[in-house]
Structures are given as structure tokens and as C-alpha cells.
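First the structure, in the form of C-alpha cells, and then the observations on it.
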Amino acid sequence: MKFRFPTPYTILMLVIVFAAGATWLLPSGNYETLTYQKERDIFQINSPDGNRELPASQQSLDELSIPIALEKLKDGSISRPVSVPKTYKEVESSPQGIIAIVKAPIKGMYEVIDIVLLVLLIGGFIGVFNHSGALDEGIAVLATRLQGREGILIILTTALISIGGTTFGLAEETLAFFPILVPVFLAAGYDLLVPMAVIFIGSCMGTMASTTNPFATIIASDAAGINWTVGLYSRLAMLIAGTSVCIGYILRYGNKVKKDPTQSLLHGLNLENPFSAIHIQKGTKTLPIKTALLLVLFGSTFLVMILGVALWGWWLEEMTALFLASSILMGLLMRTQEQVFMKEFINGAKDLLGVCFIIGIARGVTIIMNDGKISDTILFYSVNLVEGMSGFAFLPALMLVFFVLTLFISSSSGMAVVTMPIMSSLSQIIGVPTEEIVNAYQFGFGLMLFLTPTNLILPSLAMVNVDYNTWLRFIWPLILLLAAIAIGILWLGLAF
């Protein structure tokens with residue numbers, strides 16, 4: 001009997017079980033953490049032995065060996081609890097059992113309800129739009145005009161999404177792009193892996209080489225006690241080189257599939273097309289005015305979303321409201337009956353319900369580890385592993401440490417405030433510039449984003465009905481290429 005790779009839901013539940021098992025094998029432990037209490041203008045130190053208070057001053061931070069400027073805590077640039085170096089202490093074990101395993105995905109769903117609502121309303125928005133038939137007509141025109149030049153789609157889309165990732169952390173928002181771009185790439189003659197790669201690889205590559213991304217490079221630099229512009233040239237080099245390699249990799253695979261569909265990694269798998277309701281009539285060159293207006297409204301919604309996040313401080317609540325408002329406006333423009341509008345909206349939301357479950361279950365992994373008090377233990381052992389190495393051995397090893405840690409802490413900002421104060425304290429001991437530690441964090445974290453089931457890979461794969469096993473076969477050569485480039489850039493930064 002041929003082995004079939006489990007569904008994303010089973011994979012994540014197995015990861016939760018594995019994490020729970022680790023809480024029985026690893027000692028529980030915690031670092032002390034520091035938080036700024038704005039109302040009282042004090043620092044609160046949270047410790048396994050009890051809490052204490054310190055004056056909110058730079059001297060307090062220096063005495064604790066926390067290399068963060070005082071104003072970064074006071075102005076809210078860093079709001080998460082910050083780990084205090086050299087304070088790790090084992091605590092009473094807190095192993096997670098069967099009840100905790102069962103409750104983890106439910107707790108996870110509570111914690112990510114804001115993301116879940118966004119995904120559901122995106123689904124409703126897409127459902128209403130698909131009912132208009134405008135997407136079919138728009139893709140037909142695009143497919144006709146780009147015939148023979150479909151590679152432009154891969155180059156432009158990957159580059160733009162990578163720019164979004166590097167500048168403002170484009171990540172969860174990319175789930176909204178699949179219903180738009182998948183039909184376009186299928187109409188161009190590619191398989192489902194190509195739009196998946198363009199969207200997901202573009203986002204991960206941008207995050208890996210974050211330049212102005214406030215959720216990665218700026219928080220990490222602040223937590224390490226340096227200006228975010230220090231080390232920027234290395235990250236720009238990674239962005240340009242990495243994005244170029246990614247585009248070339250996707251183009252090579254896409255062209256191979258266009259010439260011979262049997263070369264597709266999906267050949268013979270009989271995967272269901274998630275957008276089979278869309279029919280492409282090639283040869284169409286013009287659009288009716290009403291269709292053009294609907295397409296403008298559709299595209300403008302995503303443009304406003306991007307501008308809102310990048311310029312106006314929007315986040316999940318505002319984005320969700322935007323898709324609801326656009327859905328209603330689209331229904332009015334189409335003069336859709338209320339009963340029909342609600343039917344299409346709910347059916348569209350229902351299509352993405354599986355993605356929502358995946359997001360909730362994935363958060364359950366983090367809950368198990370935090371409740372089992374082993375996250376800090378893993379960090380403590382990781383620090384001990386790389387301490388004492390030479391600089392040229394230390395940076396690749398540190399990148400590998402961050403690569404592995406991302407399995408357990410899949411939030412870029414969370415990883416930064418937990419690890420940077422501790423890891424940056426090693427820079428003077430080993431003789432490595434602090435900015436290269438920040439870059440090692442970004443490169444290692446970014447590489448694991450291509451793979452880790454606790455982040456966006458499984459929801460993204462669910463959008464295109466591609467299994468995780470096939471994705472691993474597709475992505476591993478690119479991971480090795482990007483890792484080699486990243487190590488070379490870290491060494492150059494150390495040498496010059």
C-alpha cells in the first residue's frame with residue numbers, strides 16, 4: 001500500500017503531541033523577563049522566585065546587561081517582555097498531558113481569532129466577487145495579452161511580494177492573494193505549485209532579508225541595542241541575491257512544466273483545482289464597463305490593505321473591516337439580492353474554514369511549549385551550544401540555532417525580544433559585530449519560514465490543495481542555495 005502523507009491537521013496535531021512529549025523529557029526553566037509599566041514609570045522583573053520592581057532608567061538596563069535604549073521601551077517600540085541575560089533557572093516541571101494536548105488547538109483558536117476572522121471575511125469577499133463572473137473575464141483578457149510572455153508574471157509578482165515582505169512584513173496578508181493569482185497562473189499554463197511558490201517564497205524571502213520590516217529587523221536591532229540601519233547593506237545584498245535566485249528557480253520549474261506537464265511534481269496526483277468554478281475564455285481582449293469597475297474595486301481593496309498596513313498603522317481589525325465593506329460595496333454595484341449576497345458570502349467563507357482550523361491548531365504548539373516551560377530551556381541550551389566558537393564558525397552555527405528555534409517560536413517579533421538580549425551579549429565575548437548577530441537571526445529565522453508547519457506554510461498549501469510532502473520535494477534545493485548565500489554574506493560582514 002502506497003504511503004500517503006497526512007493532512008495538515010494531522011501533521012500539526014502530531015507536532016503538538018511531540019511538543020507535549022518534550023515537556024516530559026526536558027527540564028522546565030525560565031529566564032527572568034523585564035516589562036515596562038507605563039502607568040507607574042517602572043520596570044517590573046518577572047522571576048520564578050517572585051516579581052520585583054526597578055526604576056525605569058538606562059542604568060537599570062545596563063546593570064541587567066540588557067542592551068536596549070530606554071526610549072525604545074518607553075515609546076512602545078518594544079512592548080513584549082524582554083529576556084534578561086544570564087538569569088536562566090530551572091523551575092518545577094510542568095509536563096503537558098492528554099488534556100493539555102486536546103485543549104491546545106482550542107486555546108490556539110482563541111489566540112488567533114483575529115486572523116481567523118480576516119481569513120473568513122476574505123473568503124466571503126472572494127465568494128461575492130466570483131459570483132459576478134468578473135474574475136473569469138479579467139483573467140481571460142490577461143491570459144490573451146500575456147500569451148507567450150507568461151514568465152513576466154513570475155518575475156513581477158515574486159519581486160513585488162518580496163518587497164512587501166522586506167519593507168513592512170507582508171505575511172498573513174498573502175493568504176488573500178491566492179484566489180486572485182492562482183487562476184491567473186493556471187490560465188498561463190503553469191501548475192498549482194507555481195503560484196504557491198511565487199506568493200509564499202516571495203513573502204518568506206522578503207522576511208528573511210528584512211530591511212525596514214518593523215516586526216523583524218527594527219525590533220531585533222532595538223533589542224540588540226543597535227540602530228536598525230547598521231548591517232543594512234548585508235540585508236540588501238541578501239534581498240537582491242536571494243530574490244534573484246528565487247525568481248530563477250521558479251522560472252526554471254515553471255518553464256519546464258509549461259513545455260512538458262508530465263515534469264510537474266503534481267503530475268498524476270489528481271489534485272482538485274480549488275478554483276475550478278472559474279472558466280477561462282482565451283481570445284477575449286476587451287472588458288465590459290461593469291466588469292472593469294468590479295475589477296478596479298477588487299484590486300483597489302488589496303491596494304488599500306497594503307497602504308493601510310505600510311503607511312497608516314493598520315492591522316488585522318482594520319483589514320477585516322475593509323474586506324467586509326468592499327464585499328457590501330461590490331454587492332451594491334452588482335445589484336445582488338440580499339439573499340443571494342449572503343449565500344455567496346457565506347459559501348466563500350466556508351471554503352476557507354479549513355485554513356482557519358490550520359492556523360488555530362498551529363498556535364496550539366506554542367501554547368503547549370509555553371505552558372510546559374521548555375521554550376526558555378531550548379534557548380538556554382542553544383546559547384551554550386554556540387558560546388566559545390570562533391567568529392567564522394559562530395555565525396553559521398548561530399544561523400542554524402535560529403533556524404531550529406523558529407520551529408518553536410514562529411513569530412519574528414517574539415523571537416527577537418526573547419533571544420536578542422541574550423544572543424547579543426555574546427558578541428563582545430566572541431568578537432562578532434552585533435549587527436551580524438541580528439543578520440544571523442534574520443537569515444536563520446527566514447529560512448525556516450519556508451518549512452515550519454507552525455507558521456503559514458500549511459494554510460498556504462491548503463489554499464492550493466498541495467500536500468506538504470510535495471512542497472518539501474520542491475523547496476529543499478532552494479533552501480540549500482539560500483543558506484549558502486546567507487553564510488557567504490555573514491562571512492563578508494565579519495571580514496569587512
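Going through the C-alpha cells in order, the chains are called A, B, and so on, while each chain numbers its residues from 1 and the ligands are numbered from 1 in the order shown.
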**OP:** Write out as a VMD selection string the residues lying within 9 Å of Met13 in chain A, counting only C-alpha atoms and excluding same-chain residues fewer than 3 positions away.
**Re:** chain A and resid 8 to 10 16 to 18 101 105 361 to 362 364 to 365
Excluding same-chain residues fewer than 5 positions from His131 in chain A, what lies within 9 Å of it counting only C-alpha atoms, as an mmCIF file with N, CA and C atoms, in the first residue's frame?
data_model
loop_
_atom_site.group_PDB
_atom_site.id
_atom_site.type_symbol
_atom_site.label_atom_id
_atom_site.label_comp_id
_atom_site.auth_asym_id
_atom_site.auth_seq_id
_atom_site.Cartn_x
_atom_site.Cartn_y
_atom_site.Cartn_z
ATOM 1 N N ILE A 126 -14.228 37.016 -1.613
ATOM 2 C CA ILE A 126 -13.926 36.290 -2.857
ATOM 3 C C ILE A 126 -15.179 35.591 -3.385
ATOM 4 N N PHE A 341 -26.657 37.533 -2.007
ATOM 5 C CA PHE A 341 -25.404 38.073 -1.470
ATOM 6 C C PHE A 341 -24.941 37.276 -0.256
ATOM 7 N N GLU A 344 -23.695 33.686 -1.188
ATOM 8 C CA GLU A 344 -22.365 33.648 -1.794
ATOM 9 C C GLU A 344 -21.289 34.026 -0.785
#
**OP:** Could you give me, as a list of chain:residue names, the residues within 8 Å of Pro214 in chain A, counting only C-alpha atoms and dropping anything in the same chain fewer than 2 positions from it?
**Re:**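 Final neighbour list, sorted by chain and number: A:Thr167, A:Phe168, A:Gly169, A:Thr212, A:Ala216, A:Thr217, A:Ile218, A:Ile219.
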Please produce a file of those selected residues containing N, CA and C atoms, as a PDB file, in the first residue's frame.
ATOM      1  N   THR A 167       9.830  45.237   3.488  1.00  0.00           N
ATOM      2  CA  THR A 167       9.556  46.596   3.951  1.00  0.00           C
ATOM      3  C   THR A 167       8.599  46.655   5.138  1.00  0.00           C
ATOM      4  N   PHE A 168       7.478  45.919   5.047  1.00  0.00           N
ATOM      5  CA  PHE A 168       6.517  46.028   6.149  1.00  0.00           C
ATOM      6  C   PHE A 168       6.035  44.676   6.667  1.00  0.00           C
ATOM      7  N   GLY A 169       6.728  43.592   6.294  1.00  0.00           N
ATOM      8  CA  GLY A 169       6.405  42.291   6.870  1.00  0.00           C
ATOM      9  C   GLY A 169       5.196  41.626   6.263  1.00  0.00           C
ATOM     10  N   THR A 212      13.345  47.237   6.260  1.00  0.00           N
ATOM     11  CA  THR A 212      12.636  48.167   7.146  1.00  0.00           C
ATOM     12  C   THR A 212      11.465  47.494   7.862  1.00  0.00           C
ATOM     13  N   ALA A 216      10.553  42.599  12.366  1.00  0.00           N
ATOM     14  CA  ALA A 216      11.752  41.761  12.361  1.00  0.00           C
ATOM     15  C   ALA A 216      12.986  42.606  12.631  1.00  0.00           C
ATOM     16  N   THR A 217      13.502  43.261  11.602  1.00  0.00           N
ATOM     17  CA  THR A 217      14.798  43.928  11.741  1.00  0.00           C
ATOM     18  C   THR A 217      14.791  45.064  12.748  1.00  0.00           C
ATOM     19  N   ILE A 218      13.721  45.857  12.810  1.00  0.00           N
ATOM     20  CA  ILE A 218      13.731  47.015  13.710  1.00  0.00           C
ATOM     21  C   ILE A 218      13.611  46.573  15.164  1.00  0.00           C
ATOM     22  N   ILE A 219      12.698  45.649  15.454  1.00  0.00           N
ATOM     23  CA  ILE A 219      12.567  45.150  16.826  1.00  0.00           C
ATOM     24  C   ILE A 219      13.824  44.400  17.246  1.00  0.00           C
TER      25      ILE A 219
END
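The interatomic distance for the pair CA of Asp222 in chain A and CA of Ala241 in chain A works out to 25.9 Å.
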**OP:** Enumerate the residues of range 341-448 of chain A with a DSSP assignment of helix (DSSP H, G or I), computed from the backbone, and present them as a ChimeraX atom specification.
**Re:** /A:341-351,353-371,375-386,391-405,412-424,426-430,434-448
Excluding range 414-417 of chain A and any residue of its chain fewer than 4 positions from it, enumerate the residues within 6 Å of it, using only C-alpha atoms, and give them as a compact mmCIF listing (two decimals) with C-alpha atoms, in the first residue's frame.
# COMPACT_ATOMS: atom_id res chain seq x y z
CA VAL A 82 12.33 41.13 27.31
CA ALA A 220 15.59 42.82 16.69
CA ALA A 223 16.53 44.53 21.35
CA ILE A 409 8.94 30.40 18.20
Original post:
So which one's closest to Ser424 in chain A, A:Gln44, A:Ser65, A:Thr174, A:Thr7? Using only C-alpha atoms, please.
Top reply: A:Ser65
**OP:** Go through A:Ile45, A:Leu492, A:Ile485, A:Leu265 and flag the residue nearest Leu472 in chain A, using only C-alpha atoms for the distances.
**Re:** A:Leu265
**OP:** Excluding Leu426 in chain A and residues on its chain fewer than 6 positions from it, collect all residues at most 10 Å away from it, counting only C-alpha atoms, and give them as a ChimeraX atom specification.
**Re:** /A:383,386-388,420,432-434,437
**OP:** Mind checking which residues fall within 12 Å of Tyr441 in chain A, counting only C-alpha atoms, ignoring those fewer than 4 positions away in the same chain, and posting them as a PyMOL selection string?
**Re:** chain A and resi 207-210+216-217+219-221+224+235+395-406+412-413+415-420+423-424+434-437+445-448+486-487+490
Residue subset to file, keeping C-alpha atoms, as a PDB file, in the first residue's frame:
ATOM      1  CA  THR A 207      11.059  38.472   5.571  1.00  0.00           C
ATOM      2  CA  MET A 208      14.407  36.673   5.506  1.00  0.00           C
ATOM      3  CA  ALA A 209      16.095  39.805   4.146  1.00  0.00           C
ATOM      4  CA  SER A 210      14.034  42.341   6.096  1.00  0.00           C
ATOM      5  CA  ALA A 216      11.752  41.761  12.361  1.00  0.00           C
ATOM      6  CA  THR A 217      14.798  43.928  11.741  1.00  0.00           C
ATOM      7  CA  ILE A 219      12.567  45.150  16.826  1.00  0.00           C
ATOM      8  CA  ALA A 220      15.586  42.820  16.690  1.00  0.00           C
ATOM      9  CA  SER A 221      18.029  45.715  16.301  1.00  0.00           C
ATOM     10  CA  ALA A 224      20.217  44.065  20.475  1.00  0.00           C
ATOM     11  CA  ARG A 235      20.433  42.592   4.230  1.00  0.00           C
ATOM     12  CA  LEU A 395      27.784  32.909  12.683  1.00  0.00           C
ATOM     13  CA  PRO A 396      26.744  29.852  10.615  1.00  0.00           C
ATOM     14  CA  ALA A 397      26.162  27.928  13.849  1.00  0.00           C
ATOM     15  CA  LEU A 398      24.063  30.792  15.228  1.00  0.00           C
ATOM     16  CA  MET A 399      22.063  30.915  11.991  1.00  0.00           C
ATOM     17  CA  LEU A 400      21.407  27.190  12.423  1.00  0.00           C
ATOM     18  CA  VAL A 401      20.338  27.787  16.033  1.00  0.00           C
ATOM     19  CA  PHE A 402      17.810  30.406  14.926  1.00  0.00           C
ATOM     20  CA  PHE A 403      16.702  28.070  12.141  1.00  0.00           C
ATOM     21  CA  VAL A 404      15.847  25.388  14.715  1.00  0.00           C
ATOM     22  CA  LEU A 405      14.398  27.815  17.283  1.00  0.00           C
ATOM     23  CA  THR A 406      11.897  29.030  14.685  1.00  0.00           C
ATOM     24  CA  SER A 412       9.589  37.214  14.211  1.00  0.00           C
ATOM     25  CA  SER A 413       8.968  39.871  16.872  1.00  0.00           C
ATOM     26  CA  MET A 415      11.843  35.576  18.596  1.00  0.00           C
ATOM     27  CA  ALA A 416      13.619  38.936  18.563  1.00  0.00           C
ATOM     28  CA  VAL A 417      12.702  40.129  22.072  1.00  0.00           C
ATOM     29  CA  VAL A 418      13.259  36.685  23.595  1.00  0.00           C
ATOM     30  CA  THR A 419      16.638  35.922  22.023  1.00  0.00           C
ATOM     31  CA  MET A 420      18.377  39.176  21.043  1.00  0.00           C
ATOM     32  CA  MET A 423      22.498  36.380  21.957  1.00  0.00           C
ATOM     33  CA  SER A 424      23.830  39.913  21.541  1.00  0.00           C
ATOM     34  CA  THR A 434      26.291  42.852  16.945  1.00  0.00           C
ATOM     35  CA  GLU A 435      24.670  43.622  13.586  1.00  0.00           C
ATOM     36  CA  GLU A 436      25.873  40.257  12.255  1.00  0.00           C
ATOM     37  CA  ILE A 437      24.053  38.534  15.122  1.00  0.00           C
ATOM     38  CA  PHE A 445      14.507  32.605  11.005  1.00  0.00           C
ATOM     39  CA  GLY A 446      13.667  33.368   7.368  1.00  0.00           C
ATOM     40  CA  LEU A 447      14.998  30.037   6.095  1.00  0.00           C
ATOM     41  CA  MET A 448      12.815  28.054   8.493  1.00  0.00           C
ATOM     42  CA  ALA A 486      23.364  33.751   3.617  1.00  0.00           C
ATOM     43  CA  ILE A 487      26.523  32.216   5.108  1.00  0.00           C
ATOM     44  CA  LEU A 490      27.584  36.783   7.035  1.00  0.00           C
TER      45      LEU A 490
END
Original post:
Which of these, A:Ser411, A:Asn370, A:Thr301, A:Thr158, has the shortest distance to Gln96 in chain A once you count only C-alpha atoms?
Top reply: A:Asn370
Original post:
Suppose you want the space between CA of Glu317 in chain A and CA of Ile122 in chain A; what is it in Å?
Top reply: 12.6 Å
Neighbour list for Pro459 in chain A as a JSON list (two decimals) with N, CA and C atoms, in the first residue's frame, cut-off 8 Å, only C-alpha atoms, skip fewer than 4 positions in-chain:
[["chain", "number", "residue", "atom", "x", "y", "z"],
["A", 175, "LEU", "N", -2.38, 35.39, 2.21],
["A", 175, "LEU", "CA", -3.47, 34.42, 2.04],
["A", 175, "LEU", "C", -4.57, 35.00, 1.17],
["A", 355, "VAL", "N", -8.60, 26.38, 6.32],
["A", 355, "VAL", "CA", -7.41, 27.20, 6.55],
["A", 355, "VAL", "C", -7.43, 27.77, 7.96],
["A", 356, "CYS", "N", -8.60, 28.20, 8.41],
["A", 356, "CYS", "CA", -8.74, 28.76, 9.76],
["A", 356, "CYS", "C", -8.39, 27.72, 10.83],
["A", 358, "ILE", "N", -6.36, 25.23, 10.52],
["A", 358, "ILE", "CA", -4.92, 25.02, 10.47],
["A", 358, "ILE", "C", -4.19, 26.11, 11.26],
["A", 359, "ILE", "N", -4.60, 27.35, 11.09],
["A", 359, "ILE", "CA", -3.97, 28.47, 11.80],
["A", 359, "ILE", "C", -4.14, 28.31, 13.31],
["A", 463, "MET", "N", -4.60, 26.33, 0.56],
["A", 463, "MET", "CA", -5.25, 27.20, -0.43],
["A", 463, "MET", "C", -5.14, 26.64, -1.84]]
Subject >> Separation of CA of Gly299 in chain A from CA of Gly254 in chain A in Å >> reply: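 Calculated distance between CA of Gly254 in chain A and CA of Gly299 in chain A is 25.2 Å.
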For range 128-200 of chain A versus range 333-337 of chain A, which residues have an atom no more than 10 Å away, and what is each residue's nearest atom pair and distance in Å rounded to one decimal, using only C-alpha atoms, chain-then-number order, as CSV?
residue,atom,partner,partner_atom,distance
A:Val128,CA,A:Thr336,CA,9.2
A:Phe129,CA,A:Met334,CA,9.5
A:His131,CA,A:Thr336,CA,9.5
A:Ser132,CA,A:Met334,CA,7.2
**OP:** Could you pull out the residues in range 10-61 of chain A that DSSP calls strand (DSSP E) from the backbone, as a ChimeraX atom specification?
**Re:** /A:29-30,33-37,42-46,52-55
Selection from above, C-alpha atoms, as a PDB file, in the first residue's frame, can you write it?
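Contents of the output file part_3.pdb:
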ATOM      1  CA  GLY A  29      13.102  26.605  33.123  1.00  0.00           C
ATOM      2  CA  ASN A  30      12.694  30.335  32.705  1.00  0.00           C
ATOM      3  CA  THR A  33      11.776  38.944  31.946  1.00  0.00           C
ATOM      4  CA  LEU A  34      11.535  42.721  32.070  1.00  0.00           C
ATOM      5  CA  THR A  35       8.429  44.746  31.218  1.00  0.00           C
ATOM      6  CA  TYR A  36       7.910  48.492  31.319  1.00  0.00           C
ATOM      7  CA  GLN A  37       4.914  49.661  33.357  1.00  0.00           C
ATOM      8  CA  ILE A  42       8.891  51.499  36.489  1.00  0.00           C
ATOM      9  CA  PHE A  43      10.410  48.235  35.267  1.00  0.00           C
ATOM     10  CA  GLN A  44       8.855  45.041  36.554  1.00  0.00           C
ATOM     11  CA  ILE A  45      11.111  41.991  36.680  1.00  0.00           C
ATOM     12  CA  ASN A  46       9.164  38.749  36.442  1.00  0.00           C
ATOM     13  CA  ARG A  52      10.344  42.873  41.812  1.00  0.00           C
ATOM     14  CA  GLU A  53      10.443  46.476  40.639  1.00  0.00           C
ATOM     15  CA  LEU A  54      13.287  48.688  39.417  1.00  0.00           C
ATOM     16  CA  PRO A  55      13.493  52.349  38.421  1.00  0.00           C
TER      17      PRO A  55
END
